[in-house]
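**Student:** I am sharing run.csv, which consists of CSV, C-alpha atoms and all ligand atoms:
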```csv
chain,number,residue,atom,x,y,z
K,17,MET,CA,131.1,68.7,63.5
K,18,SER,CA,127.9,70.5,63.4
K,19,THR,CA,127.8,70.5,67.3
K,20,HIS,CA,131.2,72.1,67.3
K,21,PHE,CA,130.1,74.7,64.8
K,22,ILE,CA,127.0,75.5,66.9
K,23,ASN,CA,129.1,75.9,70.1
K,24,PHE,CA,131.6,78.2,68.4
K,25,ASN,CA,128.7,80.4,67.3
K,26,ARG,CA,127.2,80.5,70.8
K,27,MET,CA,130.6,81.5,72.1
K,28,LYS,CA,130.9,84.3,69.6
K,29,SER,CA,127.4,85.6,70.4
K,30,LEU,CA,128.2,85.4,74.1
K,31,TYR,CA,131.4,87.3,73.6
K,32,SER,CA,129.6,90.1,71.8
K,33,TRP,CA,126.8,90.3,74.4
K,34,GLN,CA,129.5,90.7,77.1
K,35,SER,CA,131.2,93.5,75.2
K,36,ILE,CA,127.9,95.3,74.6
K,37,THR,CA,126.9,95.0,78.2
K,38,LEU,CA,130.3,96.2,79.3
K,39,LEU,CA,130.1,99.1,76.8
K,40,ILE,CA,126.6,100.1,78.1
K,41,PHE,CA,127.8,99.9,81.7
K,42,ILE,CA,130.8,102.2,80.9
K,43,VAL,CA,128.6,104.7,79.0
K,44,VAL,CA,126.1,104.7,81.9
K,45,LEU,CA,128.8,105.2,84.4
K,46,VAL,CA,130.5,108.0,82.5
K,47,SER,CA,127.3,109.9,81.9
K,48,PHE,CA,126.2,109.4,85.5
K,49,LYS,CA,129.5,110.9,86.6
K,50,THR,CA,129.2,113.8,84.2
K,51,ILE,CA,125.6,114.5,85.3
K,52,SER,CA,126.5,114.3,89.0
K,53,SER,CA,129.6,116.4,88.7
K,54,SER,CA,127.9,119.1,86.6
K,55,ASN,CA,125.2,119.2,89.3
K,56,ASN,CA,127.7,119.8,92.0
K,57,VAL,CA,131.2,120.3,90.9
K,58,ASP,CA,132.4,121.2,94.4
K,59,ALA,CA,130.9,118.3,96.3
K,60,PRO,CA,133.9,116.1,96.9
K,61,ASN,CA,136.2,118.8,98.3
K,62,ILE,CA,134.2,120.3,101.2
K,63,SER,CA,135.7,119.9,104.7
K,64,PRO,CA,133.5,118.9,107.6
K,65,GLU,CA,134.0,122.3,109.2
K,66,SER,CA,132.9,124.1,106.1
K,67,GLU,CA,129.9,121.8,105.7
K,68,THR,CA,128.8,122.6,109.3
K,69,ALA,CA,129.3,126.3,108.5
K,70,PHE,CA,127.2,125.9,105.4
K,71,HIS,CA,124.3,124.3,107.3
K,72,THR,CA,124.5,127.0,110.1
K,73,MET,CA,124.2,129.7,107.4
K,74,MET,CA,121.4,127.9,105.6
K,75,ASP,CA,119.5,127.4,108.9
K,76,VAL,CA,119.1,131.2,108.8
K,77,LEU,CA,118.6,131.7,105.1
K,78,THR,CA,115.8,129.1,104.9
K,79,HIS,CA,114.0,130.9,107.8
K,80,LYS,CA,110.8,132.8,107.1
K,81,ARG,CA,112.4,136.1,108.2
K,82,CYS,CA,114.4,135.7,105.0
K,83,VAL,CA,112.2,133.6,102.6
K,84,ASN,CA,109.1,135.7,103.2
K,85,CYS,CA,110.6,138.4,101.0
K,86,HIS,CA,112.1,136.0,98.4
K,87,PRO,CA,108.8,134.7,97.0
K,88,ASN,CA,108.4,132.6,93.9
K,89,ASP,CA,105.1,134.1,92.9
K,90,ASN,CA,105.6,137.9,93.3
K,91,ILE,CA,103.4,137.9,96.4
K,92,PRO,CA,105.3,138.8,99.6
K,93,LYS,CA,104.6,136.5,102.5
K,94,GLN,CA,103.9,137.5,106.1
K,95,GLY,CA,104.0,136.1,109.6
K,96,GLU,CA,105.2,132.9,111.1
K,97,ASP,CA,103.0,130.8,108.8
K,98,SER,CA,104.2,132.7,105.7
K,99,HIS,CA,100.7,133.6,104.5
K,100,ALA,CA,100.2,135.8,101.4
K,101,HIS,CA,100.6,139.5,102.3
K,102,ARG,CA,97.3,140.9,103.3
K,103,PHE,CA,95.4,143.4,101.2
K,104,GLY,CA,96.4,141.8,97.9
K,105,ILE,CA,99.9,143.2,97.8
K,106,THR,CA,102.0,142.0,94.9
K,107,ARG,CA,105.2,143.0,93.2
K,108,SER,CA,103.3,144.9,90.6
K,109,ASN,CA,102.1,147.3,93.2
K,110,GLY,CA,105.7,148.3,93.5
K,111,VAL,CA,105.8,150.2,90.2
K,112,SER,CA,102.9,152.5,91.0
K,113,ALA,CA,101.2,154.5,93.7
K,114,THR,CA,101.1,151.9,96.4
K,115,ASN,CA,104.4,150.2,97.2
K,116,CYS,CA,106.3,148.7,100.1
K,117,ASN,CA,107.2,152.1,101.4
K,118,THR,CA,103.6,153.3,101.6
K,119,CYS,CA,103.6,151.4,104.9
K,120,HIS,CA,107.2,150.1,105.6
K,121,GLN,CA,109.8,152.6,106.6
K,122,SER,CA,113.5,152.2,107.5
K,123,SER,CA,112.8,150.9,111.0
K,124,ASN,CA,110.2,148.8,112.8
K,125,ASN,CA,107.2,150.8,113.8
K,126,ASN,CA,106.1,149.6,117.3
K,127,TYR,CA,102.9,151.6,117.2
K,128,SER,CA,101.5,150.0,114.1
K,129,GLY,CA,103.4,146.7,114.2
K,130,VAL,CA,104.6,147.3,110.7
K,131,PRO,CA,108.2,146.0,110.2
K,132,GLY,CA,110.8,148.2,108.6
K,133,ALA,CA,114.5,148.4,107.7
K,134,PRO,CA,116.6,150.4,105.2
K,135,GLU,CA,115.8,149.4,101.6
K,136,TRP,CA,112.7,147.4,102.6
K,137,ALA,CA,111.8,145.6,99.4
K,138,LEU,CA,111.2,142.2,97.8
K,139,ALA,CA,114.1,140.4,96.5
K,140,PRO,CA,114.1,140.4,92.6
K,141,GLN,CA,112.3,137.6,90.9
K,142,SER,CA,115.6,136.0,89.9
K,143,MET,CA,116.3,135.5,93.6
K,144,ALA,CA,113.1,133.6,94.3
K,145,TRP,CA,113.9,131.2,97.2
K,146,GLU,CA,110.4,130.1,98.2
K,147,GLY,CA,109.9,126.4,97.7
K,148,LEU,CA,113.6,125.6,97.2
K,149,ASN,CA,115.7,123.5,99.5
K,150,ARG,CA,118.8,124.8,101.1
K,151,TYR,CA,121.1,123.5,98.4
K,152,GLU,CA,119.0,125.0,95.7
K,153,ILE,CA,118.9,128.3,97.5
K,154,ALA,CA,122.7,128.3,97.9
K,155,ARG,CA,123.1,127.6,94.2
K,156,VAL,CA,120.7,130.4,93.2
K,157,MET,CA,122.6,132.7,95.7
K,158,MET,CA,126.0,131.9,94.2
K,159,ASP,CA,124.9,132.2,90.6
K,160,LYS,CA,126.0,135.6,89.3
K,161,SER,CA,123.3,135.5,86.6
K,162,LYS,CA,120.7,135.4,89.4
K,163,ASN,CA,122.2,137.1,92.3
K,164,GLY,CA,122.5,140.6,90.9
K,165,ASN,CA,126.0,139.9,89.5
K,166,ARG,CA,127.5,139.7,93.0
K,167,THR,CA,130.9,138.2,93.5
K,168,THR,CA,131.5,135.9,96.5
K,169,GLU,CA,133.1,138.9,98.2
K,170,ASP,CA,130.0,141.1,97.5
K,171,LEU,CA,127.9,138.3,98.9
K,172,MET,CA,129.9,138.0,102.0
K,173,HIS,CA,129.3,141.8,102.7
K,174,HIS,CA,125.6,141.5,101.7
K,175,LEU,CA,125.0,138.5,104.0
K,176,THR,CA,126.9,139.8,107.0
K,177,GLU,CA,126.5,143.6,106.9
K,178,HIS,CA,123.4,144.6,105.0
K,179,GLU,CA,120.9,146.1,107.4
K,180,LEU,CA,117.9,144.6,105.7
K,181,VAL,CA,119.5,141.1,106.1
K,182,LEU,CA,120.4,141.7,109.7
K,183,TRP,CA,116.9,143.0,110.4
K,184,ALA,CA,116.1,139.3,110.9
K,185,TRP,CA,117.5,139.5,114.4
K,186,ASP,CA,115.6,142.7,115.2
K,187,PRO,CA,112.2,141.9,113.6
K,188,GLY,CA,110.1,143.9,116.1
K,189,ILE,CA,106.5,143.2,117.0
K,190,ASP,CA,103.5,142.4,114.9
K,191,ALA,CA,100.2,144.2,114.8
K,192,GLU,CA,99.0,142.3,117.9
K,193,GLY,CA,102.1,143.3,119.8
K,194,ASN,CA,103.7,139.8,119.7
K,195,ALA,CA,107.4,139.5,119.1
K,196,ARG,CA,108.3,138.1,115.7
K,197,GLU,CA,110.2,134.8,115.7
K,198,LEU,CA,114.0,135.1,115.4
K,199,PRO,CA,116.1,132.8,113.1
K,200,PRO,CA,117.3,129.6,114.9
K,201,VAL,CA,121.0,130.8,115.0
K,202,SER,CA,122.4,133.9,116.8
K,203,LYS,CA,123.5,136.8,114.6
K,204,GLU,CA,127.1,136.3,115.8
K,205,ASP,CA,127.2,132.6,115.0
K,206,TYR,CA,125.6,133.2,111.6
K,207,ILE,CA,128.1,135.9,110.6
K,208,LYS,CA,130.9,133.6,111.7
K,209,ALA,CA,129.5,130.7,109.7
K,210,VAL,CA,129.0,132.8,106.6
K,211,LYS,CA,132.6,134.0,106.7
K,212,LYS,CA,134.0,130.6,107.5
K,213,TRP,CA,132.1,129.0,104.6
K,214,ILE,CA,133.1,131.7,102.1
K,215,ASP,CA,136.8,131.7,103.3
K,216,ALA,CA,136.8,127.9,102.7
K,217,GLY,CA,135.8,128.4,99.1
K,218,ALA,CA,132.0,128.7,99.3
K,219,ILE,CA,131.6,125.0,98.4
K,220,ILE,CA,128.0,123.8,98.3
K,221,PRO,CA,128.0,120.3,99.8
K,222,GLU,CA,126.4,117.3,98.1
K,223,GLU,CA,122.6,117.2,98.6
K,224,LYS,CA,121.6,114.7,101.3
A,20,MET,CA,113.6,166.1,119.3
A,21,LYS,CA,112.9,169.0,117.0
A,22,ILE,CA,111.7,168.1,113.5
A,23,SER,CA,111.0,170.6,110.7
A,24,PHE,CA,109.1,169.9,107.5
A,25,ASN,CA,106.9,171.6,105.0
A,26,ILE,CA,103.2,170.8,105.2
A,27,ASN,CA,100.7,172.1,102.7
A,28,GLY,CA,103.2,174.9,101.8
A,29,ASN,CA,104.0,176.0,105.3
A,30,THR,CA,107.1,175.3,107.3
A,31,GLN,CA,106.5,173.7,110.6
A,32,THR,CA,108.8,172.7,113.5
A,33,VAL,CA,107.5,170.3,116.1
A,34,ASP,CA,109.3,169.2,119.3
A,35,THR,CA,108.3,165.7,120.2
A,36,ASP,CA,109.4,162.1,120.6
A,37,GLY,CA,110.8,161.1,117.1
A,38,ASP,CA,108.9,157.8,117.2
A,39,THR,CA,105.5,159.6,117.5
A,40,PRO,CA,103.3,158.6,114.5
A,41,LEU,CA,103.2,161.5,112.1
A,42,LEU,CA,99.3,161.1,112.1
A,43,TRP,CA,99.2,162.2,115.8
A,44,VAL,CA,101.4,165.2,115.0
A,45,ILE,CA,99.2,166.2,112.0
A,46,ARG,CA,95.9,165.9,113.9
A,47,ASP,CA,96.8,166.8,117.5
A,48,VAL,CA,99.7,169.1,117.2
A,49,LEU,CA,99.1,170.9,113.9
A,50,ASP,CA,95.3,170.6,114.3
A,51,LEU,CA,94.7,169.4,110.8
A,52,LYS,CA,91.8,167.1,111.3
A,53,GLY,CA,91.1,166.1,107.7
A,54,THR,CA,93.5,163.1,107.9
A,55,LYS,CA,91.7,160.3,109.7
A,56,PHE,CA,92.6,157.5,112.1
A,57,GLY,CA,91.0,154.2,111.2
A,58,CYS,CA,93.1,151.3,112.4
A,59,GLY,CA,96.5,152.6,113.4
A,60,LYS,CA,98.0,149.4,111.9
A,61,ALA,CA,98.6,150.5,108.3
A,62,ALA,CA,95.7,148.4,107.3
A,63,CYS,CA,92.8,150.7,106.3
A,64,GLY,CA,94.4,153.7,104.6
A,65,ALA,CA,92.3,156.4,106.3
A,66,CYS,CA,95.5,158.2,107.3
A,67,THR,CA,97.0,158.4,103.8
A,68,ILE,CA,98.9,161.6,103.0
A,69,HIS,CA,101.7,162.5,100.6
A,70,ILE,CA,105.3,162.7,101.5
A,71,ASP,CA,107.5,164.0,98.7
A,72,GLY,CA,104.7,163.0,96.3
A,73,GLU,CA,104.4,159.4,97.6
A,74,ALA,CA,101.3,158.0,99.2
A,75,ILE,CA,102.2,157.2,102.8
A,76,ARG,CA,100.1,155.8,105.7
A,77,SER,CA,100.9,158.3,108.4
A,78,CYS,CA,99.8,156.1,111.3
A,79,SER,CA,102.9,153.9,110.6
A,80,TYR,CA,105.3,156.7,109.9
A,81,ALA,CA,107.6,158.0,112.7
A,82,VAL,CA,107.7,161.8,112.7
A,83,LYS,CA,111.5,161.7,112.8
A,84,TYR,CA,111.5,160.6,109.2
A,85,ALA,CA,109.6,163.7,108.1
A,86,GLU,CA,112.6,166.0,108.7
A,87,GLY,CA,113.1,168.2,105.6
A,88,LYS,CA,110.2,166.5,103.7
A,89,ASN,CA,107.3,168.0,101.8
A,90,ILE,CA,104.0,166.8,103.2
A,91,THR,CA,100.6,167.2,101.7
A,92,THR,CA,97.3,166.4,103.5
A,93,ILE,CA,93.8,166.5,102.2
A,94,GLU,CA,93.7,170.2,103.3
A,95,GLY,CA,96.5,171.0,100.9
A,96,LEU,CA,95.4,168.9,97.9
A,97,GLY,CA,93.2,171.7,96.5
A,98,ASN,CA,90.7,174.2,97.6
A,99,LYS,CA,87.1,175.3,96.7
A,100,GLU,CA,88.3,177.7,94.0
A,101,ASN,CA,90.9,175.4,92.6
A,102,PRO,CA,90.0,171.8,93.4
A,103,HIS,CA,92.4,169.0,92.6
A,104,PRO,CA,91.0,166.8,89.8
A,105,ILE,CA,90.3,164.1,92.4
A,106,GLN,CA,88.2,166.5,94.5
A,107,GLN,CA,86.4,167.7,91.4
A,108,ALA,CA,85.5,164.2,90.3
A,109,TRP,CA,84.6,163.2,93.8
A,110,ILE,CA,82.0,166.0,94.0
A,111,GLU,CA,80.7,165.2,90.5
A,112,GLU,CA,80.3,161.5,91.2
A,113,ILE,CA,78.9,162.2,94.8
A,114,VAL,CA,81.3,159.5,96.1
A,115,PRO,CA,81.2,159.8,99.9
A,116,GLN,CA,78.6,158.3,102.1
A,117,CYS,CA,79.6,158.8,105.8
A,118,GLY,CA,82.8,160.3,104.5
A,119,TYR,CA,85.2,159.0,107.1
A,120,CYS,CA,87.4,157.1,104.8
A,121,GLN,CA,87.3,159.5,102.0
A,122,PRO,CA,90.4,161.8,102.6
A,123,GLY,CA,92.6,158.7,102.7
A,124,PHE,CA,91.1,157.4,99.5
A,125,MET,CA,91.4,160.7,97.8
A,126,MET,CA,95.1,161.1,98.7
A,127,ALA,CA,95.8,157.5,97.6
A,128,SER,CA,93.9,158.1,94.3
A,129,ALA,CA,95.7,161.5,93.7
A,130,ALA,CA,99.0,159.7,94.0
A,131,LEU,CA,97.8,157.0,91.6
A,132,ILE,CA,96.7,159.4,88.8
A,133,GLU,CA,100.0,161.3,89.2
A,134,LYS,CA,101.9,158.1,88.5
A,135,ASN,CA,99.5,156.5,86.1
A,136,PRO,CA,97.5,159.0,84.0
A,137,ASN,CA,95.1,156.4,82.7
A,138,PRO,CA,94.6,153.7,85.4
A,139,SER,CA,92.7,150.6,84.4
A,140,ASP,CA,90.4,148.7,86.8
A,141,GLN,CA,93.2,146.4,87.6
A,142,ASP,CA,95.6,149.4,88.3
A,143,ILE,CA,92.9,150.7,90.7
A,144,ASP,CA,92.5,147.4,92.4
A,145,GLU,CA,96.2,147.0,92.8
A,146,ASN,CA,96.9,150.5,94.1
A,147,ILE,CA,93.8,151.6,96.0
A,148,LEU,CA,93.8,149.2,98.9
A,149,ASN,CA,92.0,151.4,101.4
A,150,ILE,CA,88.9,150.3,103.2
A,151,CYS,CA,85.5,151.9,103.0
A,152,ARG,CA,82.9,150.6,105.5
A,153,CYS,CA,80.1,152.2,103.5
A,154,GLY,CA,81.1,150.4,100.3
A,155,THR,CA,81.6,153.4,98.0
A,156,TYR,CA,84.1,151.5,95.9
A,157,TYR,CA,82.0,151.5,92.8
A,158,ARG,CA,81.6,155.3,92.8
A,159,MET,CA,85.2,155.7,93.7
A,160,ARG,CA,86.3,153.7,90.7
A,161,LYS,CA,84.2,155.9,88.4
A,162,ALA,CA,85.5,159.1,90.1
A,163,ILE,CA,89.2,158.0,89.7
A,164,LYS,CA,88.7,157.5,86.0
A,165,LYS,CA,86.9,160.8,85.7
A,166,ALA,CA,89.7,162.5,87.7
A,167,ALA,CA,92.3,161.0,85.4
A,168,GLU,CA,90.3,162.5,82.4
A,169,ILE,CA,90.0,165.9,84.0
A,170,LYS,CA,93.7,165.9,84.7
A,171,SER,CA,94.7,164.9,81.2
A,172,ASN,CA,92.3,167.5,79.7
A,173,SER,CA,93.7,170.2,81.9
A,174,ILE,CA,97.2,169.3,80.8
A,175,ILE,CA,96.1,169.4,77.1
A,176,ASN,CA,94.3,172.8,77.6
A,177,SER,CA,97.2,174.4,79.4
L,301,LIG,S1,94.8,154.5,110.3
L,301,LIG,FE1,96.6,154.3,109.1
L,301,LIG,S2,96.1,152.7,107.8
L,301,LIG,FE2,94.4,152.7,109.1
L,302,LIG,S1,82.2,156.6,103.1
L,302,LIG,FE1,81.9,155.7,105.0
L,302,LIG,S2,83.6,154.5,105.4
L,302,LIG,FE2,83.8,155.1,103.4
```
Would you put the structure from the file into structure tokens?
**Tutor:**
Amino acid sequence: MSTHFINFNRMKSLYSWQSITLLIFIVVLVSFKTISSSNNVDAPNISPESETAFHTMMDVLTHKRCVNCHPNDNIPKQGEDSHAHRFGITRSNGVSATNCNTCHQSSNNNYSGVPGAPEWALAPQSMAWEGLNRYEIARVMMDKSKNGNRTTEDLMHHLTEHELVLWAWDPGIDAEGNARELPPVSKEDYIKAVKKWIDAGAIIPEEK
Amino acid sequence: MKISFNINGNTQTVDTDGDTPLLWVIRDVLDLKGTKFGCGKAACGACTIHIDGEAIRSCSYAVKYAEGKNITTIEGLGNKENPHPIQQAWIEEIVPQCGYCQPGFMMASAALIEKNPNPSDQDIDENILNICRCGTYYRMRKAIKKAAEIKSNSIINS
């Protein structure tokens, strides 16, 4: 009798353990799903072509010709090794007597080796890309609260038509007379990729 | 190409390759030798002038961009009778040693006190990035502060 009683109790406790475990499993599953989908809402829908276009575009946007002027510490970077801009240049110089345009004009200067393009300037602090991976950069770029309130359409024009962006394929020579490195993708292929990715909904693929 | 601009109050037209550094035009064509060549790489500041009130390194400025602009060189900053506060302070603090770098420093400093009437040491460090081989930085710092004072007093008095 007592044995039967004990067994019944064990069964009861086993039963509640099972339900608790199941409940925990469900909760974990649901919250994981919520977290992962809030991180990347668009991930499941991207087509292989659009994903390839995304990576072609990001091969350019992660290149030093772009990132050198998207610093995370208010110090512009220079050169192929992205060293801090010589002479102690920082963003704070920009509000006073010495600023980018003290030396940089609207085209490259092949006498001095100083690069130049229209609107030569640092990207605003909210658009800091330095140190971010390509997915993070893409998220910052698409975030209207960080990208200067640009719509996807605005971004498409900015990325494919702005002379300062396209300067990356005409970066001139440095002070020693050496040609600056070009991005790893041709301008034409980059522009095509940007348009393709944006036309397909500007979906940021899942981080790999 | 023909390029016209105003320099130290005079209109000038030059006929030259538009990519010629403005510094060459100022020194060799217009024969204004106050502005100096140091590095030719926008690194030393010896060639600093003002274009529409902004400090610009003229060795790295293509003359074509000067079209229609107002340029001031050290010769146009002030004169003996009516020195610019920077010139006055420079004399009072006996800043120069060899003097080669000084016109560039004075133009950069004049632009600084125009934009910032009371520059701190940090403002000076962040804005006066020129190079002086003689190491007159300490006297320049004092002179910039004195010039800022002279300038604000002259504004109050007038
Ligand atoms: S000569 Fe222009 S900065 Fe040195
Ligand atoms: S006074 Fe000689 S280089 Fe400055």
**Student:** Can I get the residues of chain A within 8 Å of chain K, each with the closest pair of atoms and their distance in Å to one decimal, using only C-alpha atoms, sorted chain first then ascending number, as CSV?
**Tutor:**
```
residue,atom,partner,partner_atom,distance
A:Asp38,CA,K:Asn125,CA,8.0
A:Pro40,CA,K:Tyr127,CA,7.5
A:Gly59,CA,K:Ser128,CA,5.7
A:Lys60,CA,K:Ser128,CA,4.2
A:Ala61,CA,K:Cys119,CA,6.1
A:Ala62,CA,K:Phe103,CA,7.9
A:Glu73,CA,K:Ala113,CA,7.0
A:Ala74,CA,K:Thr118,CA,5.8
A:Ile75,CA,K:Thr118,CA,4.3
A:Arg76,CA,K:Cys119,CA,5.7
A:Cys78,CA,K:Ser128,CA,6.9
A:Ser79,CA,K:Ser128,CA,5.4
A:Tyr80,CA,K:Gln121,CA,6.9
A:Ala81,CA,K:Asn125,CA,7.3
A:Ala127,CA,K:Ala113,CA,7.3
A:Ala130,CA,K:Ala113,CA,5.7
A:Leu131,CA,K:Ala113,CA,4.7
A:Lys134,CA,K:Ser112,CA,6.2
A:Asn135,CA,K:Ser112,CA,7.2
A:Glu145,CA,K:Asn109,CA,5.9
A:Asn146,CA,K:Thr114,CA,5.0
A:Ile147,CA,K:Thr114,CA,7.3
A:Leu148,CA,K:Phe103,CA,6.4
```
**Student:** For each of K:Ile219, K:Thr68, K:Asp75, K:Leu148, take the minimum atom-to-atom distance to K:Lys203, counting only C-alpha atoms, then give the residue where this is smallest.
**Tutor:**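 Closest to K:Lys203, using only C-alpha atoms: K:Asp75.
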**Student:** Enumerate as a list in words the residues within 9 Å of ligand LIG 302 (chain L), counting all atoms listed in the file.
**Tutor:**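 Answer in the requested format: Ala65, Val114, Pro115, Gln116, Cys117, Gly118, Tyr119, Cys120, Gln121, Phe124, Ile150, Cys151, Arg152, Cys153, Gly154, Thr155 and Tyr156 of chain A.
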**Student:** Which residues are close to K:Leu138, i.e. within 10 Å by all atoms listed in the file, leaving aside same-chain residues fewer than 3 positions away? Reply as a PyMOL selection string.
**Tutor:** chain K and resi 83-87+90-93+106-107+110+116+135+141+143-144
**Student:** Rounded to one decimal, what separation in Å do you get between atom CA of K:Glu65 and atom CA of K:Ala209?
**Tutor:**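 Calculated distance between atom CA of K:Glu65 and atom CA of K:Ala209 is 9.5 Å.
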**Student:** For a quick check of understanding, using all atoms listed in the file, which of A:Ile68, A:Ala85, A:Pro136, A:Ala108 has the smallest distance to A:Gly53?
**Tutor:**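 Of all the options, A:Ile68 lies closest to A:Gly53.
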**Student:** Please work out which residues fall within 7 Å of (119.2, 132.2, 109.6), coordinates as given in the file, with all atoms listed in the file counting, and return them as a VMD selection string.
**Tutor:** chain K and resid 73 to 79 199 to 201 206
**Student:** Taking only C-alpha atoms and all ligand atoms into account, name the residue in A:His103, A:Asn149, A:Ile113, A:Ile90 that is nearest to ligand LIG 301 (chain L).
**Tutor:**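 Residue with the minimum atom-to-atom distance to ligand LIG 301 (chain L): A:Asn149.
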**Student:** Just checking: using all atoms listed in the file, which residue out of A:Pro138, A:Gly97, A:Gly123, A:Pro104 ends up closest to ligand LIG 301 (chain L)?
**Tutor:**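 Closest to ligand LIG 301 (chain L), using all atoms listed in the file: A:Gly123.
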**Student:** Calculated over all atoms listed in the file, which of the candidates K:His178, K:Pro134, K:Ser142, K:Asp205 has the smallest distance to K:Asn165?
**Tutor:**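 Under the stated criterion, the closest residue is K:Ser142.
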**Student:** What is the distance, in Å and to one decimal place, between atom CA of A:Gln107 and atom CA of A:Lys165?
**Tutor:**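 Distance reported for this atom pair: 9.0 Å.
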**Student:** Write out as number ranges by chain which residues come within 8 Å of stretch 213-217 of chain K when counting only C-alpha atoms, dropping same-chain ones fewer than 6 positions away.
**Tutor:** K: 66-67, 69-70, 168, 172
**Student:** Output C-alpha atoms for every residue in the selection just made, as a PDB file, in the frame of the given file.
**Tutor:**
```pdb
ATOM      1  CA  SER K  66     132.900 124.100 106.100  1.00  0.00           C
ATOM      2  CA  GLU K  67     129.900 121.800 105.700  1.00  0.00           C
ATOM      3  CA  ALA K  69     129.300 126.300 108.500  1.00  0.00           C
ATOM      4  CA  PHE K  70     127.200 125.900 105.400  1.00  0.00           C
ATOM      5  CA  THR K 168     131.500 135.900  96.500  1.00  0.00           C
ATOM      6  CA  MET K 172     129.900 138.000 102.000  1.00  0.00           C
TER       7      MET K 172
END
```
**Student:** Using only C-alpha atoms and all ligand atoms, pick whichever of A:Ile22, A:Trp43, A:Asn89, A:Asn176 has the shortest atom-to-atom distance to ligand LIG 301 (chain L).
**Tutor:** A:Trp43
**Student:** So what do you get for atom CA of A:Lys55 versus atom S1 of ligand LIG 301 (chain L), distance-wise?
**Tutor:**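 If I compute the distance from atom CA of A:Lys55 to atom S1 of ligand LIG 301 (chain L), I get 6.6 Å.
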